[in-house]
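Have a look at model.txt below; it lists compact mmCIF, C-alpha atoms.
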```
# COMPACT_ATOMS: atom_id res chain seq x y z
CA MET A 1 -18.97 -55.01 98.66
CA ASP A 2 -16.93 -58.09 99.50
CA HIS A 3 -18.69 -59.47 102.51
CA VAL A 4 -21.80 -59.39 104.68
CA ARG A 5 -21.71 -60.22 108.35
CA ILE A 6 -24.77 -60.03 110.58
CA GLU A 7 -24.54 -61.15 114.20
CA ALA A 8 -27.07 -63.70 115.42
CA THR A 9 -29.97 -62.67 117.65
CA GLU A 10 -32.31 -64.87 119.67
CA ARG A 11 -34.50 -65.28 116.60
CA THR A 12 -32.33 -64.52 113.58
CA PRO A 13 -29.28 -66.45 112.39
CA GLU A 14 -25.69 -65.33 112.06
CA VAL A 15 -25.17 -64.46 108.43
CA TYR A 16 -21.75 -64.57 106.81
CA PHE A 17 -21.34 -64.05 103.08
CA ASP A 18 -17.76 -63.86 101.87
CA PHE A 19 -18.28 -63.01 98.20
CA ASN A 20 -14.60 -63.02 97.21
CA GLY A 21 -13.92 -66.25 99.06
CA HIS A 22 -17.09 -67.84 97.61
CA TYR A 23 -18.09 -68.95 101.11
CA PHE A 24 -21.54 -68.39 102.61
CA SER A 25 -23.16 -69.47 105.87
CA LEU A 26 -26.32 -69.20 107.96
CA ARG A 27 -26.13 -70.38 111.59
CA GLY A 28 -28.53 -70.33 114.50
CA GLU A 29 -32.23 -69.76 115.06
CA ALA A 30 -34.51 -68.43 112.30
CA TYR A 31 -37.96 -67.16 113.17
CA PRO A 32 -37.72 -63.46 112.34
CA GLU A 33 -40.50 -61.07 113.27
CA ASP A 34 -40.70 -60.08 109.60
CA THR A 35 -39.25 -62.80 107.38
CA ASN A 36 -39.21 -60.71 104.21
CA ALA A 37 -37.55 -57.74 105.89
CA PHE A 38 -34.76 -59.96 107.22
CA PHE A 39 -34.15 -62.29 104.27
CA GLY A 40 -35.34 -60.14 101.34
CA PRO A 41 -32.22 -57.94 100.99
CA LEU A 42 -29.92 -60.95 101.59
CA MET A 43 -31.65 -62.97 98.87
CA ASN A 44 -31.32 -60.04 96.45
CA GLN A 45 -27.59 -59.75 97.13
CA LEU A 46 -27.09 -63.48 96.57
CA GLU A 47 -29.13 -63.45 93.37
CA ASP A 48 -27.15 -60.52 91.95
CA TYR A 49 -23.85 -62.08 92.91
CA PHE A 50 -24.55 -65.61 91.66
CA GLN A 51 -25.57 -64.14 88.28
CA THR A 52 -21.98 -62.97 87.79
CA LEU A 53 -20.38 -66.36 88.48
CA ASP A 54 -18.89 -68.60 85.82
CA GLU A 55 -16.82 -71.71 86.47
CA ALA A 56 -16.72 -70.80 90.14
CA THR A 57 -16.67 -73.11 93.15
CA ILE A 58 -18.81 -71.94 96.05
CA THR A 59 -19.62 -73.42 99.46
CA PHE A 60 -22.79 -72.71 101.42
CA GLU A 61 -23.10 -73.94 105.00
CA PHE A 62 -26.36 -74.19 106.91
CA GLU A 63 -26.20 -74.81 110.64
CA LEU A 64 -29.72 -74.05 111.81
CA ILE A 65 -31.09 -74.98 115.22
CA TYR A 66 -34.68 -74.09 114.44
CA PHE A 67 -36.55 -72.32 111.64
CA ASN A 68 -40.24 -71.49 111.30
CA SER A 69 -42.45 -72.19 108.30
CA SER A 70 -42.05 -68.81 106.62
CA THR A 71 -38.26 -69.22 106.84
CA ALA A 72 -38.70 -72.72 105.36
CA LYS A 73 -40.13 -71.05 102.29
CA VAL A 74 -37.16 -68.68 101.99
CA LEU A 75 -34.79 -71.64 102.30
CA MET A 76 -36.65 -73.41 99.48
CA MET A 77 -36.12 -70.33 97.26
CA LEU A 78 -32.46 -70.21 98.27
CA PHE A 79 -31.95 -73.89 97.35
CA GLU A 80 -33.64 -73.33 93.99
CA LEU A 81 -31.26 -70.40 93.42
CA LEU A 82 -28.23 -72.52 94.38
CA ASP A 83 -29.35 -75.33 92.06
CA ALA A 84 -29.82 -72.89 89.16
CA THR A 85 -26.34 -71.44 89.85
CA ALA A 86 -24.83 -74.94 89.83
CA ALA A 87 -26.63 -75.73 86.57
CA ARG A 88 -24.76 -72.82 84.92
CA ASN A 89 -21.23 -74.14 84.87
CA ASN A 90 -20.47 -73.60 88.58
CA ALA A 91 -19.67 -76.07 91.36
CA VAL A 92 -21.91 -75.53 94.39
CA LYS A 93 -21.30 -77.43 97.62
CA VAL A 94 -23.89 -77.33 100.38
CA HIS A 95 -23.25 -78.62 103.91
CA TRP A 96 -26.39 -79.09 106.01
CA ILE A 97 -25.03 -79.27 109.55
CA TYR A 98 -27.28 -80.48 112.38
CA GLU A 99 -26.97 -81.76 115.93
CA ALA A 100 -26.54 -85.53 115.68
CA ASP A 101 -29.59 -86.23 117.90
CA ASP A 102 -31.89 -83.84 116.02
CA ASP A 103 -33.79 -86.22 113.70
CA ASN A 104 -36.18 -83.50 112.61
CA MET A 105 -33.41 -81.20 111.36
CA GLU A 106 -31.83 -84.17 109.57
CA VAL A 107 -35.14 -84.96 107.79
CA LEU A 108 -35.66 -81.31 106.82
CA GLY A 109 -32.16 -81.30 105.31
CA GLU A 110 -32.83 -84.54 103.41
CA GLU A 111 -36.05 -83.06 102.03
CA TYR A 112 -34.25 -79.99 100.66
CA GLY A 113 -31.37 -82.08 99.39
CA GLU A 114 -33.42 -84.65 97.47
CA ASP A 115 -34.78 -82.04 95.03
CA LEU A 116 -31.37 -80.70 94.03
CA GLU A 117 -30.09 -81.87 90.66
CA HIS A 118 -26.82 -79.98 90.33
CA VAL A 119 -25.72 -79.08 93.85
CA ASP A 120 -23.26 -81.29 95.73
CA PHE A 121 -25.31 -81.64 98.92
CA SER A 122 -24.13 -83.29 102.12
CA LEU A 123 -25.71 -83.90 105.52
CA VAL A 124 -23.22 -83.29 108.31
CA PRO A 125 -24.20 -84.58 111.77
CA LYS A 126 -22.40 -82.80 114.57
CA GLU A 127 -21.92 -84.33 118.01
CA ALA A 128 -23.15 -82.01 120.78
CA MET B 129 -60.58 -59.76 140.71
CA ARG B 130 -61.64 -61.69 143.76
CA THR B 131 -59.32 -64.32 145.15
CA ASP B 132 -61.94 -67.08 144.84
CA LYS B 133 -62.39 -66.24 141.13
CA ILE B 134 -58.66 -66.37 140.51
CA TYR B 135 -58.45 -69.63 142.44
CA SER B 136 -61.24 -71.27 140.43
CA LEU B 137 -59.62 -70.10 137.19
CA SER B 138 -56.29 -71.63 138.19
CA LYS B 139 -58.10 -74.81 139.30
CA VAL B 140 -59.74 -75.22 135.88
CA LEU B 141 -56.33 -74.86 134.23
CA GLN B 142 -54.82 -77.39 136.60
CA GLU B 143 -57.62 -79.89 135.95
CA GLU B 144 -56.95 -79.59 132.20
CA GLY B 145 -53.27 -80.42 132.79
CA ILE B 146 -52.16 -76.95 131.79
CA LEU B 147 -48.62 -76.02 132.73
CA PHE B 148 -48.67 -72.62 131.12
CA CYS B 149 -51.37 -70.28 129.87
CA TYR B 150 -51.39 -66.84 128.31
CA SER B 151 -54.51 -64.92 127.39
CA GLY B 152 -54.33 -61.47 125.93
CA TYR B 153 -52.76 -59.44 123.20
CA MET B 154 -50.04 -61.31 121.39
CA THR B 155 -46.98 -59.71 119.88
CA GLU B 156 -43.65 -60.98 118.57
CA ASP B 157 -42.00 -59.83 121.84
CA VAL B 158 -44.52 -61.83 123.85
CA LEU B 159 -43.80 -64.82 121.59
CA LEU B 160 -40.07 -64.58 122.30
CA SER B 161 -40.48 -64.47 126.10
CA ILE B 162 -43.16 -67.15 126.33
CA GLY B 163 -41.13 -69.38 124.01
CA LYS B 164 -38.19 -69.22 126.42
CA ALA B 165 -40.39 -69.91 129.44
CA ILE B 166 -41.98 -72.93 127.72
CA LYS B 167 -38.60 -74.44 126.81
CA GLU B 168 -37.39 -74.00 130.39
CA LYS B 169 -40.57 -75.47 131.88
CA LEU B 170 -40.41 -78.52 129.58
CA MET B 171 -36.77 -79.07 130.52
CA LEU B 172 -37.77 -79.04 134.18
CA GLU B 173 -40.47 -81.60 133.34
CA ASN B 174 -37.71 -83.80 131.85
CA ALA B 175 -39.39 -83.84 128.44
CA ASP B 176 -37.42 -85.44 125.58
CA LYS B 177 -35.29 -83.03 123.59
CA SER B 178 -37.22 -83.96 120.43
CA VAL B 179 -40.55 -83.34 122.23
CA ILE B 180 -39.33 -79.90 123.38
CA ARG B 181 -38.29 -79.06 119.81
CA GLY B 182 -41.68 -80.23 118.49
CA ILE B 183 -43.68 -78.30 121.10
CA PHE B 184 -41.64 -75.15 120.52
CA SER B 185 -42.14 -75.37 116.78
CA ILE B 186 -45.93 -75.87 117.09
CA PHE B 187 -46.04 -73.03 119.61
CA VAL B 188 -44.33 -70.59 117.20
CA GLU B 189 -46.68 -71.47 114.31
CA GLU B 190 -49.84 -71.21 116.46
CA MET B 191 -48.72 -67.96 118.07
CA GLN B 192 -47.77 -66.38 114.73
CA ASN B 193 -51.19 -67.37 113.39
CA VAL B 194 -52.81 -65.33 116.16
CA ILE B 195 -50.40 -62.40 115.73
CA ARG B 196 -51.12 -62.27 111.99
CA TYR B 197 -54.71 -63.42 111.62
CA SER B 198 -56.76 -63.20 114.84
CA GLY B 199 -60.08 -61.54 114.08
CA GLN B 200 -60.12 -59.81 117.46
CA MET B 201 -57.84 -56.85 117.13
CA GLU B 202 -57.22 -53.24 117.99
CA SER B 203 -55.31 -50.98 115.71
CA LYS B 204 -54.03 -47.44 115.68
CA VAL B 205 -52.82 -45.84 112.49
CA SER B 206 -50.54 -42.82 112.73
CA ALA B 207 -48.64 -40.82 110.10
CA ASN B 208 -45.77 -43.25 109.68
CA SER B 209 -46.69 -46.40 111.52
CA MET B 210 -49.46 -48.79 112.26
CA LEU B 211 -49.93 -50.49 115.59
CA GLU B 212 -51.94 -53.69 115.51
CA LEU B 213 -52.64 -55.88 118.50
CA ARG B 214 -54.39 -59.19 118.11
CA PHE B 215 -56.00 -61.16 120.87
CA GLY B 216 -55.75 -64.88 121.55
CA ILE B 217 -55.29 -67.54 124.20
CA LEU B 218 -52.48 -70.08 124.24
CA SER B 219 -51.65 -72.87 126.62
CA VAL B 220 -49.19 -75.72 126.94
CA GLY B 221 -50.14 -78.77 128.96
CA ARG B 222 -49.86 -82.47 129.49
CA LYS B 223 -52.61 -84.98 128.91
CA GLN B 224 -53.21 -88.70 129.30
CA LEU B 225 -54.36 -89.94 125.90
CA ALA B 226 -56.85 -92.78 125.30
CA ASN B 227 -54.05 -95.26 124.53
CA ASP B 228 -52.64 -94.56 128.01
CA GLN B 229 -49.77 -92.58 126.59
CA GLU B 230 -48.99 -89.20 127.99
CA SER B 231 -48.54 -86.32 125.60
CA PHE B 232 -47.61 -82.68 125.81
CA PHE B 233 -49.91 -80.39 123.86
CA VAL B 234 -50.15 -76.81 122.65
CA ALA B 235 -53.68 -75.39 122.52
CA CYS B 236 -54.51 -72.07 120.96
CA GLY B 237 -57.74 -70.16 120.38
CA ASN B 238 -58.81 -66.93 118.77
CA MET B 239 -61.74 -65.24 117.05
CA VAL B 240 -62.07 -65.40 113.29
CA SER B 241 -64.67 -64.20 110.81
CA PRO B 242 -67.20 -66.80 109.59
CA THR B 243 -65.60 -66.63 106.12
CA ASP B 244 -62.15 -67.35 107.54
CA ALA B 245 -63.65 -70.11 109.69
CA GLN B 246 -65.00 -71.83 106.59
CA ARG B 247 -61.65 -71.51 104.79
CA LEU B 248 -59.75 -72.79 107.84
CA LYS B 249 -62.09 -75.74 108.23
CA THR B 250 -61.72 -76.77 104.57
CA ASN B 251 -57.93 -76.48 104.88
CA LEU B 252 -57.66 -78.35 108.16
CA ASP B 253 -60.10 -81.12 107.12
CA HIS B 254 -57.90 -81.68 104.10
CA ILE B 255 -54.62 -81.65 106.06
CA GLN B 256 -55.94 -83.92 108.81
CA ALA B 257 -56.93 -86.61 106.29
CA LEU B 258 -53.39 -86.89 104.87
CA ASP B 259 -50.80 -89.47 105.87
CA ALA B 260 -47.15 -88.60 106.55
CA GLN B 261 -46.05 -89.04 102.94
CA GLU B 262 -48.92 -86.94 101.57
CA LEU B 263 -48.22 -84.23 104.16
CA LYS B 264 -44.60 -84.12 103.05
CA THR B 265 -45.66 -83.72 99.41
CA LEU B 266 -48.13 -80.94 100.24
CA TYR B 267 -45.52 -79.24 102.47
CA LYS B 268 -42.96 -79.14 99.68
CA GLN B 269 -45.49 -78.04 97.05
CA THR B 270 -46.60 -75.19 99.30
CA LEU B 271 -43.01 -74.12 99.98
CA LYS B 272 -42.38 -73.94 96.25
CA GLY B 273 -45.67 -72.30 95.28
CA LYS B 274 -47.05 -68.88 95.91
CA SER B 275 -48.60 -67.98 99.27
CA PRO B 276 -52.40 -68.26 99.30
CA GLU B 277 -54.20 -64.96 98.85
CA GLY B 278 -54.53 -62.93 102.05
CA SER B 279 -51.67 -64.81 103.65
CA LYS B 280 -48.85 -62.86 105.30
CA GLY B 281 -46.74 -65.93 106.01
CA ALA B 282 -45.85 -68.86 103.84
CA GLY B 283 -49.35 -70.38 104.08
CA VAL B 284 -47.59 -73.50 105.27
CA GLY B 285 -48.01 -73.10 109.04
CA PHE B 286 -50.82 -75.60 109.55
CA ILE B 287 -49.09 -78.23 107.41
CA ASP B 288 -46.03 -77.75 109.57
CA ILE B 289 -48.14 -78.10 112.74
CA ALA B 290 -49.66 -81.33 111.37
CA ARG B 291 -46.21 -82.75 110.61
CA LYS B 292 -44.88 -81.88 114.09
CA SER B 293 -47.96 -83.25 115.89
CA LYS B 294 -46.66 -86.78 116.42
CA ARG B 295 -49.82 -87.72 118.31
CA GLY B 296 -52.28 -85.87 116.10
CA PHE B 297 -54.18 -82.61 116.38
CA GLU B 298 -57.79 -81.53 116.80
CA TYR B 299 -59.65 -78.32 116.07
CA ASP B 300 -63.14 -76.91 116.35
CA PHE B 301 -65.27 -73.83 115.78
CA ILE B 302 -67.97 -72.22 117.91
CA ASP B 303 -70.27 -69.60 116.39
CA ILE B 304 -70.39 -66.66 118.78
CA SER B 305 -72.39 -64.17 116.74
CA THR B 306 -73.24 -63.53 113.09
CA ASP B 307 -69.78 -62.08 112.46
CA ARG B 308 -67.62 -63.89 115.03
CA THR B 309 -66.53 -67.52 115.28
CA PHE B 310 -64.20 -68.89 117.95
CA PHE B 311 -61.53 -71.19 116.52
CA SER B 312 -59.25 -73.45 118.51
CA ILE B 313 -56.56 -75.98 117.63
CA THR B 314 -54.80 -78.41 119.96
CA ALA B 315 -51.70 -80.21 118.76
CA TYR B 316 -50.17 -83.21 120.57
CA ALA B 317 -46.40 -83.55 120.26
```
Take the structure from the file and write it as structure tokens.
Amino acid sequence: MDHVRIEATERTPEVYFDFNGHYFSLRGEAYPEDTNAFFGPLMNQLEDYFQTLDEATITFEFELIYFNSSTAKVLMMLFELLDATAARNNAVKVHWIYEADDDNMEVLGEEYGEDLEHVDFSLVPKEA
Amino acid sequence: MRTDKIYSLSKVLQEEGILFCYSGYMTEDVLLSIGKAIKEKLMLENADKSVIRGIFSIFVEEMQNVIRYSGQMESKVSANSMLELRFGILSVGRKQLANDQESFFVACGNMVSPTDAQRLKTNLDHIQALDAQELKTLYKQTLKGKSPEGSKGAGVGFIDIARKSKRGFEYDFIDISTDRTFFSITAYA
């Protein structure tokens, strides 16, 4: 398996995981009907893959328009996973992309970013 | 239903400043369609983009609470599936607040068991007493911790509602019978 691509729906984000290219992204809306059913398998794949990395450089981009509270919990787990991966001799870059006038999405990004000790985290405002 | 009954119902809603109201069985499909209608209606009302985002977010959390937890439900179990429908009422409106500011609100009500009512009240009393910084701390702790027992979501929905309610929120309980309590929450964005 070298990549995962899931098209966006009205309530689930576009998922693109390029394992060989070390590039990962989630874009769009995230309030799935069943959060665990949607994110569970994806989280497992990431966990398994990150385990194998050593001295790797990976980039993870988030460009979310809206996410509900159960997705917020999945994102927290994902950030903890990324931080643990970065702590083990890997370089992890995270770009949190948000619409420039969306203060709430900026704050949510800041709140995830401030807990990370090893990840290179940046907030990226995007003009509409 | 007689026309005069329907008219008086719609008049009550109008007097309460309600722009949109749904009462009935709530499902994730209903959530998706109502969510779109609410966004469109608020755009027509020239609401701020940040207000629309806040209202939509509160709406999703309140609606998913009903879908997952409402005590008034019908279910049908068959060999390989289970159909569950839970009942609730949800409305979005506009209200003049005491400080002469106008606010959009999302109001939601559903039946709960007296035990759940007690648990909800304890939770909400606690959340309502917190300031913004304390809410942020509790929000992050809850995201990192395990979901409370009996919770199908992250257990963080009400904290999220409190954080998105820029003009506060209120809630109340009415005992209907020995095993039924009506719960409602109104959040002002």
Nearest residue to chain B from the set A:Glu55, A:Asp120, A:Glu110, A:Glu61 (distances using all atoms listed in the file):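 Ranked by minimum distance to chain B, first place goes to A:Glu110.
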Near chain B, 7 Å: chain A residue rows, closest pairs, all atoms listed in the file, as a Markdown table:
```
| residue | atom | partner | partner_atom | distance |
| --- | --- | --- | --- | --- |
| A:Glu33 | CA | B:Glu156 | CA | 6.2 |
| A:Asn68 | CA | B:Ser185 | CA | 7.0 |
| A:Ser69 | CA | B:Gly285 | CA | 5.7 |
| A:Ser70 | CA | B:Ala282 | CA | 4.7 |
| A:Lys73 | CA | B:Leu271 | CA | 4.8 |
| A:Met76 | CA | B:Leu271 | CA | 6.4 |
| A:Asp102 | CA | B:Ser178 | CA | 6.9 |
```
Minimum-distance residue to B:Met171, chosen among B:Ile313, B:Phe233, B:Ile183, B:Ser151 (using only C-alpha atoms):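 Comparing B:Ile313, B:Phe233, B:Ile183, B:Ser151 against B:Met171, the winner is B:Ile183.
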Mind working out the centre and edge lengths of an axis-aligned box for stretch 228-239 of chain B, all listed atoms inside, 8 Å added to each side, rounded to one decimal in Å and written as lines of an AutoDock Vina configuration file?
```
center_x = -54.7
center_y = -79.9
center_z = 122.5
size_x = 30.1
size_y = 45.3
size_z = 27.0
```
Shortest interatomic distance to A:Ala72 - which of A:Gln45, A:Phe39, A:Asp54, A:Asp101, counting all atoms listed in the file: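 For A:Ala72, the nearest of the candidates is A:Phe39.
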Nearest residue to A:Leu81 from the set A:Val107, A:Ala56, A:Ala100, A:Leu46 (distances using only C-alpha atoms):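 Using only C-alpha atoms, the shortest distance to A:Leu81 belongs to A:Leu46.
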Å distance separating atom CA of B:Met191 from atom CA of A:Ile65, one decimal place: 19.2 Å
Shell around A:Tyr66 at 9 Å using only C-alpha atoms, local window under 6 positions removed, as a list of chain:residue names: A:Gly28, A:Glu29, A:Ala30, A:Tyr31, A:Met105, B:Arg181, B:Ser185
Contacts of A:Phe19 within 9 Å, all atoms listed in the file, excl. fewer than 5 positions in-chain, as a list in words: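 The neighbour list is Met1, Asp2, His3, Val4, Phe24, Leu46 and Tyr49 of chain A.
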Distance in Å - atom CA of B:Asn227 versus atom CA of B:Leu172: 24.9 Å
Computed interatomic separation between atom CA of A:Glu47 and atom CA of A:His118 (Å):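 These atoms are spaced 17.0 Å apart.
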Of the listed residues B:Val179, B:Ala235, B:Met210, B:Ala290, that which approaches B:Leu147 most closely, counting all atoms listed in the file: B:Ala235
All residues 10 Å or closer to stretch 297-312 of chain B, only C-alpha atoms, same chain fewer than 3 positions away omitted, as number ranges by chain: B: 190, 198-200, 216-218, 233-246, 248-249, 252-253, 256, 289-294, 315-317
For A:Pro13, the nearest of the candidates A:Phe50, A:Phe67, A:Phe60, A:Tyr112, counting only C-alpha atoms: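 Comparing A:Phe50, A:Phe67, A:Phe60, A:Tyr112 against A:Pro13, the winner is A:Phe67.
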Shell around A:Phe62 at 6 Å using all atoms listed in the file, local window under 3 positions removed, as a PyMOL selection string: chain A and resi 25-26+96-97
